[in-house]
Amino acid sequence: MDERREKARHRVLKGGTIEFGGGAIDCTIRNLSDTGAALDVTSPVGIPDRFTLLVQADGKHLACTVVWRKEKRIGVKFGRGFQRV
């Protein structure tokens, strides 16, 4: 499989919250870079293409756009002009 990421991701295990339109879904951040992350979720159903990710340990909010979805994992890229982890 060809690597298409702009930057290498680092394995992490952090709690997160996907926030959108007044709703929130807990997730686990599995890998992370300056430009994106992979998130484990119970189900990707109902998660919009754009949302804010709260990284609980750091108290940071990151604007995210979904790049791919699998069974219980989604890949996101971070928007410009927002805090990075």
# chains A, B, ... in the order shown; residues from 1 in each chain; ligands from 1
$ residues_around --residues "A:Ile29" --least-positions-apart "6" --cutoff "9 Å" --atoms "only C-alpha atoms" --output "PDB file with C-alpha atoms, in the first residue's frame"
ATOM      1  CA  ARG A  11       0.920   5.798  17.511  1.00  0.00           C
ATOM      2  CA  VAL A  12      -0.979   7.180  20.474  1.00  0.00           C
ATOM      3  CA  LEU A  13      -3.799   6.082  22.733  1.00  0.00           C
ATOM      4  CA  LYS A  14      -5.769   9.174  23.745  1.00  0.00           C
ATOM      5  CA  GLY A  15      -9.404   9.748  24.534  1.00  0.00           C
ATOM      6  CA  GLY A  16     -11.267  12.103  22.263  1.00  0.00           C
ATOM      7  CA  ALA A  37      -5.319  11.292  12.779  1.00  0.00           C
ATOM      8  CA  ALA A  38      -7.016   7.898  12.848  1.00  0.00           C
ATOM      9  CA  LEU A  39      -9.923   7.594  15.254  1.00  0.00           C
ATOM     10  CA  ASP A  40     -11.566   4.437  16.597  1.00  0.00           C
ATOM     11  CA  VAL A  55      -8.397  15.858  22.495  1.00  0.00           C
TER      12      VAL A  55
END
$ select_by_dssp --residues "stretch 14-58 of chain A" --states "strand (DSSP E)" --output "PyMOL selection string"
chain A and resi 14-20+23-32+36-40+50-55
$ residues_around --residues "A:Cys64" --least-positions-apart "2" --cutoff "6 Å" --atoms "only C-alpha atoms" --output "ChimeraX atom specification"
/A:50-52,76-79
$ write_last_selection --atoms "N, CA, C and O atoms" --output "PDB file, in the first residue's frame"
ATOM      1  N   ARG A  50     -17.469  16.715   8.389  1.00  0.00           N
ATOM      2  CA  ARG A  50     -16.687  17.757   9.081  1.00  0.00           C
ATOM      3  C   ARG A  50     -17.169  17.852  10.527  1.00  0.00           C
ATOM      4  O   ARG A  50     -18.377  17.855  10.784  1.00  0.00           O
ATOM      5  N   PHE A  51     -16.214  17.920  11.447  1.00  0.00           N
ATOM      6  CA  PHE A  51     -16.544  18.023  12.859  1.00  0.00           C
ATOM      7  C   PHE A  51     -15.349  18.580  13.620  1.00  0.00           C
ATOM      8  O   PHE A  51     -14.274  18.784  13.055  1.00  0.00           O
ATOM      9  N   THR A  52     -15.537  18.817  14.915  1.00  0.00           N
ATOM     10  CA  THR A  52     -14.454  19.254  15.787  1.00  0.00           C
ATOM     11  C   THR A  52     -14.065  18.092  16.681  1.00  0.00           C
ATOM     12  O   THR A  52     -14.925  17.422  17.252  1.00  0.00           O
ATOM     13  N   VAL A  76      -8.929  11.252   9.474  1.00  0.00           N
ATOM     14  CA  VAL A  76      -9.270  12.663   9.309  1.00  0.00           C
ATOM     15  C   VAL A  76      -8.023  13.483   9.013  1.00  0.00           C
ATOM     16  O   VAL A  76      -6.911  13.098   9.356  1.00  0.00           O
ATOM     17  N   LYS A  77      -8.249  14.617   8.350  1.00  0.00           N
ATOM     18  CA  LYS A  77      -7.188  15.613   8.201  1.00  0.00           C
ATOM     19  C   LYS A  77      -7.642  16.853   8.940  1.00  0.00           C
ATOM     20  O   LYS A  77      -8.849  17.111   9.076  1.00  0.00           O
ATOM     21  N   PHE A  78      -6.681  17.595   9.453  1.00  0.00           N
ATOM     22  CA  PHE A  78      -6.990  18.786  10.229  1.00  0.00           C
ATOM     23  C   PHE A  78      -7.091  19.996   9.320  1.00  0.00           C
ATOM     24  O   PHE A  78      -6.352  20.121   8.344  1.00  0.00           O
ATOM     25  N   GLY A  79      -8.002  20.899   9.658  1.00  0.00           N
ATOM     26  CA  GLY A  79      -8.185  22.134   8.908  1.00  0.00           C
ATOM     27  C   GLY A  79      -7.081  23.126   9.214  1.00  0.00           C
ATOM     28  O   GLY A  79      -6.362  23.006  10.206  1.00  0.00           O
TER      29      GLY A  79
END
$ atom_distance --atom1 "atom CA of A:Arg9" --atom2 "atom CA of A:Thr42"
22.0 Å
$ atom_distance --atom1 "atom CA of A:Arg69" --atom2 "atom CA of A:Ala57"
24.3 Å
$ atom_distance --atom1 "atom CA of A:Asp58" --atom2 "atom CA of A:Glu71"
27.0 Å
$ residues_around --residues "A:Gly46" --least-positions-apart "6" --cutoff "12 Å" --atoms "only C-alpha atoms" --output "list in words"
Ile18, Glu19, Phe20, Gly21, Gly23, Ala24, Ile25 and Arg69 of chain A
$ write_last_selection --atoms "C-alpha atoms" --output "PDB file, in the first residue's frame"
ATOM      1  CA  ILE A  18     -16.164  14.098  18.154  1.00  0.00           C
ATOM      2  CA  GLU A  19     -18.334  17.225  18.431  1.00  0.00           C
ATOM      3  CA  PHE A  20     -20.858  18.348  15.808  1.00  0.00           C
ATOM      4  CA  GLY A  21     -24.208  20.118  15.625  1.00  0.00           C
ATOM      5  CA  GLY A  23     -23.988  16.199  19.464  1.00  0.00           C
ATOM      6  CA  ALA A  24     -20.916  14.378  20.738  1.00  0.00           C
ATOM      7  CA  ILE A  25     -19.456  10.893  20.252  1.00  0.00           C
ATOM      8  CA  ARG A  69     -14.048   5.414   6.776  1.00  0.00           C
TER       9      ARG A  69
END
$ residues_around --residues "A:Val41" --least-positions-apart "2" --cutoff "9 Å" --atoms "only C-alpha atoms" --output "count of residues only"
11
